[in-house]
file run_17.cif (mmCIF, C-alpha atoms and all ligand atoms)
data_target
#
loop_
_atom_site.label_atom_id
_atom_site.label_comp_id
_atom_site.auth_asym_id
_atom_site.auth_seq_id
_atom_site.Cartn_x
_atom_site.Cartn_y
_atom_site.Cartn_z
CA MET A 8 6.61 -56.75 -37.11
CA ARG A 9 6.20 -56.96 -33.33
CA LYS A 10 8.65 -58.98 -31.24
CA LEU A 11 7.97 -62.03 -29.11
CA THR A 12 10.13 -61.64 -26.00
CA TYR A 13 10.73 -64.46 -23.56
CA PHE A 14 11.20 -62.60 -20.26
CA ILE A 15 12.11 -65.21 -17.69
CA ALA A 16 13.72 -65.77 -14.30
CA CYS A 17 16.15 -68.63 -13.99
CA SER A 18 18.94 -70.14 -11.92
CA ILE A 19 22.63 -69.98 -12.90
CA ASP A 20 22.20 -73.47 -14.40
CA GLY A 21 19.24 -72.39 -16.52
CA PHE A 22 16.22 -73.74 -14.63
CA ILE A 23 13.07 -71.64 -14.35
CA ALA A 24 11.63 -73.62 -11.44
CA ASP A 25 12.22 -76.76 -9.41
CA PRO A 26 11.13 -80.09 -10.93
CA LYS A 27 7.56 -79.55 -9.67
CA GLY A 28 7.24 -75.93 -10.81
CA ASP A 29 8.01 -74.00 -7.62
CA TRP A 30 10.22 -70.92 -7.90
CA GLN A 31 9.61 -69.16 -4.58
CA PHE A 32 13.33 -69.51 -3.75
CA PHE A 33 13.97 -66.74 -6.32
CA MET A 34 11.88 -64.25 -4.35
CA PRO A 35 14.50 -63.21 -1.73
CA PHE A 36 16.51 -61.67 -4.60
CA VAL A 37 13.73 -59.22 -5.41
CA ASP A 38 15.24 -56.48 -3.24
CA GLU A 39 14.88 -52.71 -3.48
CA GLU A 40 17.53 -52.08 -6.16
CA TYR A 41 16.31 -54.88 -8.41
CA LEU A 42 12.63 -54.09 -7.90
CA ASP A 43 13.31 -50.45 -8.79
CA PHE A 44 14.83 -51.68 -12.06
CA LEU A 45 11.78 -53.85 -12.83
CA LYS A 46 9.38 -51.01 -12.02
CA ALA A 47 11.32 -48.58 -14.21
CA GLU A 48 12.11 -50.83 -17.17
CA TYR A 49 9.53 -53.62 -17.24
CA PRO A 50 6.54 -52.52 -15.11
CA GLU A 51 4.06 -54.50 -17.19
CA THR A 52 5.80 -57.80 -16.35
CA LEU A 53 4.73 -57.41 -12.72
CA ALA A 54 1.41 -59.12 -12.09
CA THR A 55 -1.60 -56.91 -11.44
CA HIS A 56 -2.00 -57.89 -7.78
CA GLY A 57 1.73 -57.15 -7.22
CA ARG A 58 1.42 -53.78 -8.97
CA GLN A 59 -1.56 -52.92 -6.80
CA ALA A 60 0.36 -53.88 -3.64
CA LEU A 61 3.27 -51.68 -4.76
CA GLY A 62 0.96 -48.79 -5.65
CA ILE A 63 2.15 -48.76 -9.28
CA ASP A 64 -0.95 -50.07 -11.02
CA GLU A 65 -1.24 -46.86 -13.04
CA LEU A 66 2.24 -47.15 -14.61
CA ALA A 67 2.10 -47.23 -18.41
CA ASN A 68 3.26 -50.30 -20.32
CA ARG A 69 6.77 -49.72 -21.66
CA ARG A 70 7.58 -52.70 -23.89
CA PHE A 71 4.63 -55.07 -24.09
CA ASP A 72 0.88 -54.76 -24.62
CA THR A 73 0.18 -58.50 -24.83
CA VAL A 74 1.12 -61.53 -22.74
CA ILE A 75 0.94 -65.23 -23.50
CA GLN A 76 1.39 -68.00 -20.97
CA GLY A 77 0.84 -71.73 -20.71
CA ARG A 78 -2.13 -73.13 -18.84
CA VAL A 79 -0.01 -74.55 -15.99
CA SER A 80 1.52 -71.11 -15.36
CA TYR A 81 -1.94 -69.52 -15.54
CA ASP A 82 -3.18 -72.07 -12.98
CA LEU A 83 -0.88 -70.45 -10.39
CA ALA A 84 -3.01 -67.30 -10.66
CA LEU A 85 -6.29 -69.23 -10.72
CA ASP A 86 -5.21 -71.04 -7.54
CA MET A 87 -4.98 -67.61 -5.86
CA GLY A 88 -8.45 -66.69 -7.13
CA VAL A 89 -7.01 -64.35 -9.80
CA THR A 90 -8.51 -64.85 -13.26
CA SER A 91 -6.70 -61.95 -14.97
CA PRO A 92 -3.14 -61.82 -13.60
CA TYR A 93 -2.01 -59.26 -16.20
CA ALA A 94 -5.13 -57.11 -16.45
CA HIS A 95 -3.06 -54.20 -17.89
CA LEU A 96 -2.19 -56.37 -20.95
CA ARG A 97 -4.13 -58.40 -23.53
CA GLU A 98 -3.88 -61.91 -22.12
CA TYR A 99 -3.63 -65.21 -24.00
CA VAL A 100 -3.44 -68.63 -22.36
CA ALA A 101 -2.35 -71.66 -24.37
CA SER A 102 -4.48 -74.69 -23.53
CA ARG A 103 -6.06 -77.58 -25.37
CA GLY A 104 -8.00 -78.53 -22.25
CA LEU A 105 -9.60 -75.26 -21.09
CA ASP A 106 -12.97 -75.06 -22.83
CA GLU A 107 -13.75 -71.47 -22.04
CA SER A 108 -11.95 -68.53 -20.56
CA PRO A 109 -12.70 -67.70 -16.94
CA ASP A 110 -12.17 -63.98 -17.61
CA PRO A 111 -13.21 -61.57 -20.39
CA ASN A 112 -9.63 -60.23 -20.63
CA VAL A 113 -8.18 -63.72 -21.20
CA THR A 114 -8.37 -65.51 -24.55
CA VAL A 115 -7.71 -69.24 -24.60
CA VAL A 116 -5.73 -70.47 -27.62
CA GLY A 117 -5.95 -74.21 -28.18
CA ASP A 118 -5.52 -75.38 -31.73
CA ASP A 119 -2.84 -73.26 -33.31
CA VAL A 120 -0.72 -71.35 -30.80
CA LEU A 121 2.08 -70.88 -33.29
CA GLY A 122 -0.35 -69.39 -35.85
CA LYS A 123 -1.86 -67.10 -33.20
CA VAL A 124 1.57 -65.82 -32.17
CA ARG A 125 2.51 -65.19 -35.81
CA GLU A 126 -0.77 -63.28 -36.23
CA LEU A 127 -0.05 -61.17 -33.12
CA LYS A 128 3.50 -60.46 -34.31
CA ALA A 129 2.16 -59.29 -37.67
CA GLU A 130 -0.07 -56.64 -36.06
CA ASP A 131 0.90 -52.98 -36.21
CA GLY A 132 2.08 -51.44 -32.99
CA GLU A 133 5.06 -50.22 -31.02
CA LEU A 134 4.77 -52.63 -28.13
CA GLY A 135 5.59 -56.32 -28.23
CA ILE A 136 4.42 -59.65 -26.86
CA TYR A 137 5.57 -60.93 -23.49
CA LEU A 138 6.10 -64.69 -23.43
CA CYS A 139 5.70 -65.39 -19.74
CA GLY A 140 6.39 -69.15 -19.75
CA GLY A 141 6.42 -71.82 -18.67
CA SER A 142 8.84 -74.31 -20.02
CA GLN A 143 6.42 -76.29 -22.23
CA LEU A 144 4.91 -73.27 -23.96
CA ALA A 145 8.35 -71.68 -24.49
CA GLY A 146 9.47 -74.96 -26.03
CA ALA A 147 6.49 -74.91 -28.41
CA LEU A 148 7.16 -71.28 -29.40
CA ILE A 149 10.98 -71.36 -29.49
CA ASP A 150 11.19 -70.70 -33.25
CA GLU A 151 9.10 -67.52 -32.87
CA VAL A 152 11.15 -66.03 -30.01
CA ASP A 153 12.84 -62.84 -31.20
CA GLU A 154 14.28 -61.61 -27.93
CA LEU A 155 15.34 -63.05 -24.60
CA VAL A 156 15.42 -61.16 -21.33
CA ILE A 157 16.98 -63.58 -18.88
CA LYS A 158 16.94 -62.68 -15.20
CA THR A 159 19.55 -64.95 -13.66
CA TYR A 160 19.42 -65.42 -9.91
CA PRO A 161 22.62 -66.49 -8.16
CA VAL A 162 21.57 -70.02 -7.26
CA VAL A 163 22.32 -73.47 -8.70
CA LEU A 164 19.49 -76.02 -8.66
CA GLY A 165 21.02 -79.13 -10.20
CA SER A 166 17.72 -80.08 -11.82
CA GLY A 167 14.39 -78.49 -12.52
CA MET A 168 12.30 -77.09 -15.36
CA PRO A 169 14.45 -76.07 -18.31
CA MET A 170 14.01 -72.64 -19.89
CA PHE A 171 12.72 -74.34 -23.05
CA GLY A 172 10.94 -77.68 -22.95
CA SER A 173 11.90 -78.60 -26.50
CA GLY A 174 14.15 -80.93 -28.44
CA PHE A 175 17.78 -80.25 -29.23
CA ASP A 176 18.57 -77.54 -31.78
CA VAL A 177 21.05 -74.68 -31.98
CA ALA A 178 19.51 -71.19 -32.17
CA GLU A 179 21.92 -68.25 -32.14
CA PHE A 180 21.30 -65.04 -30.24
CA ALA A 181 23.34 -61.82 -30.05
CA LEU A 182 24.00 -60.24 -26.66
CA ASP A 183 22.48 -56.74 -26.49
CA SER A 184 22.94 -55.77 -22.86
CA VAL A 185 23.99 -56.98 -19.44
CA ARG A 186 22.95 -55.42 -16.18
CA SER A 187 24.19 -56.62 -12.82
CA PHE A 188 22.87 -55.93 -9.35
CA GLU A 189 24.52 -55.78 -5.91
CA ASN A 190 22.75 -58.98 -4.82
CA GLY A 191 24.22 -61.01 -7.71
CA VAL A 192 21.20 -60.94 -10.03
CA LEU A 193 22.14 -60.55 -13.69
CA VAL A 194 19.74 -59.41 -16.45
CA ARG A 195 20.89 -60.23 -19.96
CA THR A 196 19.08 -59.22 -23.14
CA TYR A 197 19.63 -61.07 -26.40
CA SER A 198 18.27 -60.63 -29.94
CA ARG A 199 17.67 -63.55 -32.25
CA LYS A 200 20.08 -63.89 -35.14
CA ARG A 201 17.97 -64.76 -38.20
N1 LIG B 1 10.88 -68.53 -13.57
C1 LIG B 1 9.93 -67.86 -14.19
O1 LIG B 1 10.10 -66.67 -14.53
C2 LIG B 1 8.64 -68.56 -14.54
C3 LIG B 1 7.70 -67.89 -15.34
C4 LIG B 1 6.53 -68.58 -15.67
C5 LIG B 1 6.31 -69.87 -15.23
N2 LIG B 1 7.26 -70.47 -14.46
C6 LIG B 1 7.07 -71.85 -13.98
O2 LIG B 1 6.71 -72.68 -15.05
C7 LIG B 1 5.87 -73.69 -14.54
C8 LIG B 1 4.92 -74.16 -15.62
O3 LIG B 1 5.65 -74.58 -16.76
P1 LIG B 1 5.18 -75.86 -17.55
O4 LIG B 1 6.19 -76.10 -18.61
O5 LIG B 1 4.88 -76.96 -16.60
O6 LIG B 1 3.77 -75.44 -18.15
P2 LIG B 1 3.27 -74.20 -19.07
O7 LIG B 1 4.14 -74.06 -20.25
O8 LIG B 1 3.02 -73.02 -18.22
O9 LIG B 1 1.84 -74.76 -19.47
C9 LIG B 1 1.74 -75.99 -20.15
C10 LIG B 1 0.35 -76.12 -20.71
O10 LIG B 1 0.15 -75.13 -21.71
C11 LIG B 1 -0.64 -75.67 -22.77
N3 LIG B 1 0.19 -75.74 -23.98
C12 LIG B 1 1.54 -75.85 -24.06
N4 LIG B 1 1.91 -75.91 -25.35
C13 LIG B 1 0.79 -75.81 -26.08
C14 LIG B 1 0.51 -75.80 -27.47
N5 LIG B 1 1.49 -75.90 -28.39
N6 LIG B 1 -0.78 -75.69 -27.88
C15 LIG B 1 -1.79 -75.59 -26.97
N7 LIG B 1 -1.59 -75.59 -25.64
C16 LIG B 1 -0.33 -75.70 -25.20
C17 LIG B 1 -1.07 -77.05 -22.30
O11 LIG B 1 -2.26 -76.82 -21.54
P3 LIG B 1 -3.44 -77.93 -21.40
O12 LIG B 1 -2.84 -79.03 -20.58
O13 LIG B 1 -4.54 -77.21 -20.69
O14 LIG B 1 -3.79 -78.35 -22.78
C18 LIG B 1 0.08 -77.45 -21.37
O15 LIG B 1 -0.28 -78.44 -20.44
C19 LIG B 1 5.11 -73.08 -13.40
O16 LIG B 1 5.01 -74.01 -12.35
C20 LIG B 1 5.94 -71.89 -12.98
O17 LIG B 1 6.51 -72.09 -11.73
C21 LIG B 1 8.41 -69.85 -14.11
#

call {"tool": "encode", "arguments": {"input": "run_17.cif", "output": "structure tokens", "more": "lines below"}}
Ligand SMILES: NC(=O)c1ccc[n+]([C@@H]2O[C@H](COP(=O)([O-])OP(=O)(O)OC[C@H]3O[C@@H](n4cnc5c(N)ncnc54)[C@H](OP(=O)(O)O)[C@@H]3O)[C@@H](O)[C@H]2O)c1
result
Amino acid sequence: MRKLTYFIACSIDGFIADPKGDWQFFMPFVDEEYLDFLKAEYPETLATHGRQALGIDELANRRFDTVIQGRVSYDLALDMGVTSPYAHLREYVASRGLDESPDPNVTVVGDDVLGKVRELKAEDGELGIYLCGGSQLAGALIDEVDELVIKTYPVVLGSGMPMFGSGFDVAEFALDSVRSFENGVLVRTYSRKR
């Protein structure tokens, strides 16, 4: 069984973006020490254009071979003219509105996202599935999330997009690791208790 991992950047108070979806205020924390960690441990979570700019586009995937994101998150790439933001992974975009995929590497999943994720998790393979966000899609898939990698940036926002856009329920996770950085960023990894 492959894992679905929600790998996400958030504020101290648990918001993944401001109320309108902007998260550029997290970027100043991507300094040399922290970027070195991302390149070494999670290179496939860096978008293709970022990998190309860093000269690391040839790095092998370490943990994931597949990514799924919501249509609003995917729109951020489309707005930059990028149709395959994670070209080094199999890409799925959840959308009921997108009729056809703008890129051969991207599959649009409309009717049964939960079923598709269960199908992907049931595949053989060493590498897992990267749930990229945003809030709405994570809320829809919350029951299927097996692992959390939460990159907490040292800012408080007061309001914004929650990590999971879902109703109230208690889901327990066990803390696997904590890594802290000089600039105050914290990366915590949790496994789902089933
Ligand atoms: N901090 C981070 O690390 C991080 C990472 C990723 C994204 N983000 C932020 O998250 C924001 C977007 O989050 P969001 O919650 O507004 O949107 P989202 O989850 O990215 O996308 C929502 C869209 O996905 C589709 N969708 C969601 N659930 C579905 C389901 N069960 N079945 C079929 N389609 C489904 C729908 O598309 P249709 O409307 O086309 O049907 C829906 O409008 C972005 O602005 C970005 O800034 C932050």

call {"tool": "residues_near_ligand", "arguments": {"input": "run_17.cif", "ligand": "ligand LIG 1 (chain B)", "cutoff": "8 Å", "atoms": "all atoms listed in the file", "output": "MDAnalysis selection string"}}
result
chainID A and resid 14:17 22:25 27:30 76:81 83 100:105 116:121 139:148 158 168 172

call {"tool": "residues_around", "arguments": {"input": "run_17.cif", "residues": "Asn190 of chain A", "least_positions_apart": "4", "cutoff": "12 Å", "atoms": "all atoms listed in the file", "output": "PyMOL selection string"}}
result
chain A and resi 33+35-42+159-162+186

call {"tool": "closest_residue", "arguments": {"input": "run_17.cif", "among": "A:Leu155, A:Met8, A:Met170, A:Ala178", "to": "Thr196 of chain A", "atoms": "only C-alpha atoms"}}
result
A:Leu155

call {"tool": "residues_around", "arguments": {"input": "run_17.cif", "residues": "Val185 of chain A", "least_positions_apart": "6", "cutoff": "8 Å", "atoms": "only C-alpha atoms", "output": "count of residues only"}}
result
4

call {"tool": "closest_residue", "arguments": {"input": "run_17.cif", "among": "A:Ile157, A:Leu164, A:Ile19, A:Ile149", "to": "Leu182 of chain A", "atoms": "all atoms listed in the file"}}
result
A:Ile157

call {"tool": "residues_around", "arguments": {"input": "run_17.cif", "residues": "Leu53 of chain A", "least_positions_apart": "4", "cutoff": "12 Å", "atoms": "only C-alpha atoms", "output": "VMD selection string"}}
result
chain A and resid 14 to 15 37 42 to 49 57 to 64 66 to 69 71 74 92 to 96 137 139

call {"tool": "atom_distance", "arguments": {"input": "run_17.cif", "atom1": "atom CA of Asp72 of chain A", "atom2": "atom CA of Lys123 of chain A"}}
result
15.3 Å

call {"tool": "atom_distance", "arguments": {"input": "run_17.cif", "atom1": "atom CA of Pro169 of chain A", "atom2": "atom CA of Glu51 of chain A"}}
result
24.0 Å

call {"tool": "closest_residue", "arguments": {"input": "run_17.cif", "among": "A:Glu179, A:Arg9, A:Gln31, A:Tyr197", "to": "Ile136 of chain A", "atoms": "only C-alpha atoms"}}
result
A:Arg9
